[in-house]
file model.txt (compact mmCIF, C-alpha atoms)
# COMPACT_ATOMS: atom_id res chain seq x y z
CA MET A 1 -47.73 -48.83 2.42
CA SER A 2 -46.29 -51.42 0.12
CA GLN A 3 -43.34 -53.74 0.03
CA GLY A 4 -41.63 -55.17 -3.01
CA LYS A 5 -38.33 -56.10 -4.56
CA GLU A 6 -37.67 -55.37 -7.44
CA LYS A 7 -51.79 -27.66 -18.13
CA ARG A 8 -59.06 -25.66 -21.22
CA ALA A 9 -58.39 -27.65 -24.18
CA ARG A 10 -60.02 -30.28 -26.27
CA ILE A 11 -58.97 -33.65 -24.98
CA SER A 12 -57.51 -34.66 -28.31
CA SER A 13 -54.81 -32.03 -28.55
CA PRO A 14 -53.14 -29.03 -26.95
CA LYS A 15 -54.97 -25.77 -27.42
CA SER A 16 -53.81 -22.18 -27.34
CA THR A 17 -55.89 -19.21 -26.30
CA GLY A 18 -55.42 -15.50 -26.68
CA LYS A 19 -56.08 -14.85 -23.05
CA ASP A 20 -53.39 -14.67 -20.42
CA ALA A 21 -54.07 -16.57 -17.22
CA SER A 22 -52.82 -16.23 -13.70
CA SER A 23 -49.54 -17.97 -13.02
CA GLY A 24 -49.12 -20.88 -10.68
CA LYS A 25 -47.63 -24.30 -10.17
CA SER A 26 -48.72 -27.91 -10.81
CA ALA A 27 -51.10 -29.45 -13.27
CA LYS A 28 -54.46 -27.75 -13.90
CA SER A 29 -53.03 -24.41 -12.89
CA GLN A 30 -51.38 -21.72 -14.94
CA ARG A 31 -47.61 -21.88 -15.05
CA ALA A 32 -45.47 -18.84 -14.33
CA SER A 33 -43.06 -17.64 -16.98
CA THR A 34 -39.53 -17.33 -15.68
CA SER A 35 -38.51 -14.83 -18.33
CA SER A 36 -40.22 -12.66 -20.93
CA GLU A 37 -37.38 -13.23 -23.39
CA ASN A 38 -38.61 -14.73 -26.66
CA ARG A 39 -41.95 -15.71 -25.16
CA VAL A 40 -45.33 -15.77 -26.86
CA GLN A 41 -47.17 -13.21 -24.79
CA ASN A 42 -50.84 -13.40 -23.76
CA THR A 43 -50.98 -17.07 -24.72
CA THR A 44 -52.06 -20.13 -22.76
CA ILE A 45 -51.74 -23.70 -23.97
CA CYS A 46 -53.46 -26.59 -22.19
CA CYS A 47 -52.11 -30.12 -22.52
CA PRO A 48 -54.40 -32.86 -21.18
CA ILE A 49 -52.89 -35.83 -19.37
CA VAL A 50 -54.12 -38.81 -17.42
CA TYR A 51 -52.22 -40.36 -14.55
CA GLY A 52 -53.03 -43.25 -12.30
CA SER A 53 -52.61 -46.90 -11.58
CA ILE A 54 -53.95 -50.28 -12.62
CA ALA A 55 -53.55 -53.27 -10.34
CA PHE A 56 -54.07 -57.00 -10.79
CA ALA A 57 -54.40 -59.48 -7.94
CA LEU A 58 -51.96 -62.37 -8.18
CA GLU A 59 -52.68 -65.96 -7.27
CA LYS A 60 -51.94 -66.67 -3.64
CA GLU A 61 -48.34 -67.65 -3.16
CA LYS A 62 -46.19 -68.44 -0.15
CA ASP A 63 -44.73 -64.93 -0.22
CA LYS A 64 -47.44 -62.70 1.24
CA ASP A 65 -45.59 -59.62 0.03
CA GLN A 66 -46.23 -60.57 -3.58
CA THR A 67 -50.03 -60.25 -3.83
CA PHE A 68 -50.57 -57.56 -6.47
CA ARG A 69 -48.91 -56.51 -9.68
CA TRP A 70 -49.49 -52.85 -10.48
CA THR A 71 -48.48 -50.26 -13.05
CA PHE A 72 -48.43 -46.52 -12.43
CA TYR A 73 -48.39 -44.31 -15.51
CA VAL A 74 -48.66 -40.84 -17.01
CA ARG A 75 -50.33 -40.94 -20.44
CA GLY A 76 -52.13 -38.90 -23.04
CA SER A 77 -55.86 -38.60 -22.40
CA LYS A 78 -56.57 -40.59 -25.57
CA GLY A 79 -53.42 -42.65 -25.54
CA GLU A 80 -51.47 -40.21 -27.68
CA ASP A 81 -47.70 -39.87 -27.44
CA ILE A 82 -46.90 -37.05 -24.97
CA SER A 83 -43.13 -37.28 -25.29
CA PHE A 84 -43.16 -34.38 -27.77
CA TYR A 85 -43.34 -32.01 -24.78
CA ILE A 86 -42.52 -34.22 -21.78
CA SER A 87 -38.86 -35.13 -21.46
CA LYS A 88 -39.03 -37.45 -18.47
CA VAL A 89 -40.99 -38.46 -15.39
CA LYS A 90 -39.46 -39.21 -12.00
CA PHE A 91 -41.43 -41.64 -9.84
CA ASN A 92 -40.92 -41.83 -6.07
CA LEU A 93 -42.12 -45.21 -4.83
CA HIS A 94 -42.56 -46.23 -1.21
CA PHE A 95 -39.16 -46.45 0.46
CA THR A 96 -39.56 -50.20 1.03
CA PHE A 97 -39.12 -50.88 -2.68
CA GLU A 98 -35.69 -51.52 -4.04
CA ASN A 99 -34.48 -48.46 -5.93
CA PRO A 100 -37.57 -46.39 -4.96
CA GLN A 101 -36.63 -43.41 -7.14
CA ARG A 102 -37.21 -44.30 -10.79
CA GLU A 103 -36.62 -42.06 -13.81
CA VAL A 104 -38.30 -42.77 -17.15
CA THR A 105 -37.03 -40.77 -20.12
CA GLY A 106 -39.34 -42.01 -22.86
CA PRO A 107 -42.80 -43.42 -23.49
CA PRO A 108 -44.49 -45.16 -21.94
CA PHE A 109 -43.93 -43.05 -18.83
CA GLU A 110 -44.67 -45.74 -16.27
CA VAL A 111 -43.32 -48.06 -13.60
CA SER A 112 -44.51 -51.56 -12.69
CA GLU A 113 -43.99 -53.48 -9.45
CA ILE A 114 -45.26 -56.26 -7.23
CA GLY A 115 -46.35 -55.57 -3.66
CA TRP A 116 -49.06 -56.02 -1.05
CA GLY A 117 -50.17 -52.52 0.06
CA GLU A 118 -51.53 -49.22 -1.23
CA PHE A 119 -49.46 -46.06 -1.05
CA GLU A 120 -49.30 -42.55 -2.48
CA MET A 121 -47.10 -42.20 -5.53
CA ILE A 122 -45.22 -38.92 -5.79
CA PHE A 123 -44.06 -38.14 -9.31
CA THR A 124 -42.51 -35.20 -11.14
CA ILE A 125 -43.03 -34.32 -14.80
CA PHE A 126 -40.21 -32.57 -16.67
CA PHE A 127 -40.60 -30.78 -19.99
CA LYS A 128 -38.66 -30.51 -23.22
CA ASP A 129 -38.11 -26.83 -22.47
CA SER A 130 -35.91 -26.86 -19.36
CA LYS A 131 -37.01 -23.28 -18.60
CA GLU A 132 -40.47 -24.61 -17.73
CA GLN A 133 -40.70 -25.57 -14.07
CA PRO A 134 -41.35 -29.28 -13.46
CA VAL A 135 -44.71 -30.32 -12.02
CA THR A 136 -44.88 -32.57 -8.96
CA LEU A 137 -48.11 -34.48 -8.29
CA ARG A 138 -49.42 -37.14 -5.92
CA HIS A 139 -51.82 -40.00 -6.58
CA MET A 140 -52.84 -43.12 -4.67
CA ILE A 141 -52.14 -46.55 -6.02
CA LYS A 142 -55.34 -48.52 -5.37
CA LEU A 143 -55.32 -52.30 -5.02
CA LEU A 144 -58.81 -52.88 -3.60
CA PRO A 145 -61.58 -54.00 -3.77
CA ILE A 146 -60.14 -57.36 -4.69
CA ASP A 147 -63.43 -58.57 -6.22
CA GLN A 148 -63.28 -55.83 -8.88
CA GLN A 149 -60.25 -56.72 -10.92
CA PRO A 150 -58.37 -55.03 -12.32
CA VAL A 151 -58.55 -51.98 -10.05
CA VAL A 152 -58.10 -48.78 -12.09
CA ASN A 153 -57.59 -45.46 -10.32
CA GLU A 154 -57.05 -42.67 -12.86
CA LYS A 155 -57.33 -38.90 -12.90
CA TYR A 156 -57.73 -36.53 -15.83
CA ASP A 157 -55.77 -33.29 -15.51
CA GLN A 158 -54.33 -30.50 -17.60
CA ILE A 159 -50.87 -29.01 -17.70
CA VAL A 160 -51.24 -25.32 -18.51
CA PHE A 161 -48.38 -23.37 -20.04
CA THR A 162 -48.62 -19.58 -19.86
CA ASN A 163 -46.54 -17.47 -22.27
CA PRO A 164 -44.29 -20.35 -23.40
CA ARG A 165 -41.05 -19.65 -25.20
CA ARG A 166 -41.40 -19.44 -28.97
CA ASN A 167 -39.66 -22.73 -29.77
CA PHE A 168 -41.62 -24.63 -27.14
CA PHE A 169 -44.84 -22.96 -28.29
CA ASN A 170 -44.19 -24.34 -31.78
CA VAL A 171 -43.60 -27.79 -30.32
CA LEU A 172 -46.86 -27.68 -28.36
CA GLU A 173 -48.83 -26.48 -31.37
CA ALA A 174 -47.38 -29.21 -33.57
CA GLY A 175 -48.24 -31.81 -30.94
CA ALA A 176 -51.85 -31.94 -32.09
CA SER A 177 -50.77 -34.59 -34.57
CA ALA A 178 -49.07 -36.81 -31.97
CA PRO A 179 -49.59 -40.49 -32.83
CA ILE A 180 -51.62 -42.89 -30.70
CA LEU A 181 -49.43 -45.35 -28.84
CA GLU A 182 -50.33 -49.00 -28.55
CA HIS A 183 -50.41 -50.15 -24.93
CA PRO A 184 -51.08 -53.66 -23.58
CA LEU A 185 -53.35 -52.23 -20.86
CA SER A 186 -55.25 -49.77 -23.05
CA ASN A 187 -58.46 -51.83 -22.95
CA HIS A 188 -58.59 -51.16 -19.20
CA PHE A 189 -58.00 -47.41 -19.46
CA LYS A 190 -60.90 -45.08 -18.76
CA SER A 191 -62.24 -42.83 -21.50
CA PHE A 192 -61.94 -39.07 -21.03
CA ASP A 193 -63.78 -37.21 -23.78
CA SER A 194 -64.40 -33.45 -23.47
CA GLU A 195 -67.29 -33.54 -25.97
CA GLU A 196 -68.95 -36.39 -24.10
CA ASP A 197 -68.49 -34.59 -20.78
CA LEU A 198 -69.89 -31.38 -22.27
CA ALA A 199 -72.96 -33.25 -23.54
CA LYS A 200 -73.54 -34.65 -20.05
CA ILE A 201 -73.28 -31.16 -18.54
CA VAL A 202 -75.73 -29.73 -21.09
CA ALA A 203 -78.19 -32.56 -20.43
CA ALA A 204 -77.90 -32.08 -16.66
CA ARG A 205 -78.47 -28.34 -16.99
CA LYS A 206 -81.56 -29.00 -19.11
CA ILE A 207 -82.99 -31.29 -16.43
CA VAL A 208 -82.33 -28.70 -13.72
CA ARG A 209 -83.84 -25.92 -15.86
CA ASN A 210 -87.02 -27.97 -16.43
CA GLU A 211 -87.31 -28.73 -12.73
CA VAL A 212 -86.88 -25.03 -11.86
CA ASN A 213 -89.57 -24.05 -14.39
CA GLU A 214 -91.96 -26.65 -12.99
CA ALA A 215 -91.33 -25.37 -9.46
CA LYS A 216 -91.99 -21.78 -10.59
CA GLU A 217 -95.28 -22.83 -12.20
CA LYS A 218 -96.38 -24.61 -9.03
CA ILE A 219 -95.58 -21.53 -6.96
CA LEU A 220 -97.54 -19.30 -9.33
CA ARG A 221 -100.55 -21.62 -9.21
CA LEU A 222 -100.36 -21.72 -5.42
CA MET A 223 -100.15 -17.92 -5.21
CA GLN A 224 -103.17 -17.59 -7.51
CA LEU A 225 -105.09 -20.06 -5.34
CA ILE A 226 -104.20 -18.15 -2.19
CA ARG A 227 -105.26 -14.89 -3.83
CA VAL A 228 -108.62 -16.32 -4.89
CA ASN A 229 -109.28 -17.72 -1.42
CA SER A 230 -108.36 -14.44 0.25
CA GLU A 231 -110.76 -12.52 -2.03
CA ASN A 232 -113.55 -14.88 -1.11
call {"tool": "encode", "arguments": {"input": "model.txt", "output": "structure tokens"}}
result
Amino acid sequence: MSQGKEKRARISSPKSTGKDASSGKSAKSQRASTSSENRVQNTTICCPIVYGSIAFALEKEKDKDQTFRWTFYVRGSKGEDISFYISKVKFNLHFTFENPQREVTGPPFEVSEIGWGEFEMIFTIFFKDSKEQPVTLRHMIKLLPIDQQPVVNEKYDQIVFTNPRRNFFNVLEAGASAPILEHPLSNHFKSFDSEEDLAKIVAARKIVRNEVNEAKEKILRLMQLIRVNSEN
């Protein structure tokens, strides 16, 4: 609670595939096509996004309700402009805030406030193609621990478009060249790099594979020892 006044792709760009995916709703799930008219069939495009909050503790004042300043945002995974396919984002703040329903129609897609408590932000992403169903997501605004400032609580996700309409498909494909946007909080943003994550997975698998091989060798040696002892 808080009081106050006031769609698998490379991370760097959308990616299309020649494989149709199951339809669904929300980020990181395949999106259902509402009509087959003028749609690019058997095509899936994944658009990576990051959403979350960053909070700064304020100096203690007389007003106990004004203890943190936070910003909640929806951004490109590498800071790129995502307004080429997102038309607006509606943010639903805690009801105790003045004007709790906020609509942002251009980048940066974010809201900032001052308050004292954590709460779950509900937000809806709308797309340039109005035929695509909006995506509604939830994410906690974290203010604590106070000794680790600022507090950043982000999540990487993907919006997946299945069989998009031709015009929107062209927009998504062209979005690979979206410019990077300067942001005053960018030095606090987390890094989400698919190549880096893949390298970590490969390294982890190698460690597990080596441990499995070592275990197999120990078992074989033990079985040989048991066999020798039984023969004697």
call {"tool": "residues_near_point", "arguments": {"input": "model.txt", "point": "(-36.4, -23.7, -23.7)", "cutoff": "9 Å", "atoms": "only C-alpha atoms", "output": "MDAnalysis selection string"}}
result
chainID A and resid 128:132 164:168
call {"tool": "write_last_selection", "arguments": {"input": "model.txt", "atoms": "C-alpha atoms", "output": "PDB file, keeping the file's coordinate frame"}}
result
ATOM      1  CA  LYS A 128     -38.660 -30.510 -23.220  1.00  0.00           C
ATOM      2  CA  ASP A 129     -38.110 -26.830 -22.470  1.00  0.00           C
ATOM      3  CA  SER A 130     -35.910 -26.860 -19.360  1.00  0.00           C
ATOM      4  CA  LYS A 131     -37.010 -23.280 -18.600  1.00  0.00           C
ATOM      5  CA  GLU A 132     -40.470 -24.610 -17.730  1.00  0.00           C
ATOM      6  CA  PRO A 164     -44.290 -20.350 -23.400  1.00  0.00           C
ATOM      7  CA  ARG A 165     -41.050 -19.650 -25.200  1.00  0.00           C
ATOM      8  CA  ARG A 166     -41.400 -19.440 -28.970  1.00  0.00           C
ATOM      9  CA  ASN A 167     -39.660 -22.730 -29.770  1.00  0.00           C
ATOM     10  CA  PHE A 168     -41.620 -24.630 -27.140  1.00  0.00           C
TER      11      PHE A 168
END
call {"tool": "closest_residue", "arguments": {"input": "model.txt", "among": "A:Ile159, A:Ala174, A:Lys60, A:Trp70", "to": "Phe119 of chain A", "atoms": "all atoms listed in the file"}}
result
A:Trp70
call {"tool": "atom_distance", "arguments": {"input": "model.txt", "atom1": "atom CA of Cys47 of chain A", "atom2": "atom CA of Glu113 of chain A"}}
result
28.0 Å
call {"tool": "residues_around", "arguments": {"input": "model.txt", "residues": "Phe68 of chain A", "least_positions_apart": "6", "cutoff": "6 Å", "atoms": "all atoms listed in the file", "output": "MDAnalysis selection string"}}
result
chainID A and resid 56:58 114:116
call {"tool": "atom_distance", "arguments": {"input": "model.txt", "atom1": "atom CA of Tyr73 of chain A", "atom2": "atom CA of Asn170 of chain A"}}
result
26.1 Å
call {"tool": "atom_distance", "arguments": {"input": "model.txt", "atom1": "atom CA of Tyr85 of chain A", "atom2": "atom CA of Pro100 of chain A"}}
result
25.2 Å
call {"tool": "residues_around", "arguments": {"input": "model.txt", "residues": "Leu93 of chain A", "least_positions_apart": "4", "cutoff": "12 Å", "atoms": "only C-alpha atoms", "output": "PyMOL selection string"}}
result
chain A and resi 1-6+71-72+97-103+110-115+117-124+138-141
call {"tool": "closest_residue", "arguments": {"input": "model.txt", "among": "A:Asn210, A:Gln41, A:Thr105, A:Thr67", "to": "Phe84 of chain A", "atoms": "all atoms listed in the file"}}
result
A:Thr105
call {"tool": "closest_residue", "arguments": {"input": "model.txt", "among": "A:Arg221, A:Lys190, A:Lys88, A:Lys206", "to": "Val152 of chain A", "atoms": "only C-alpha atoms"}}
result
A:Lys190
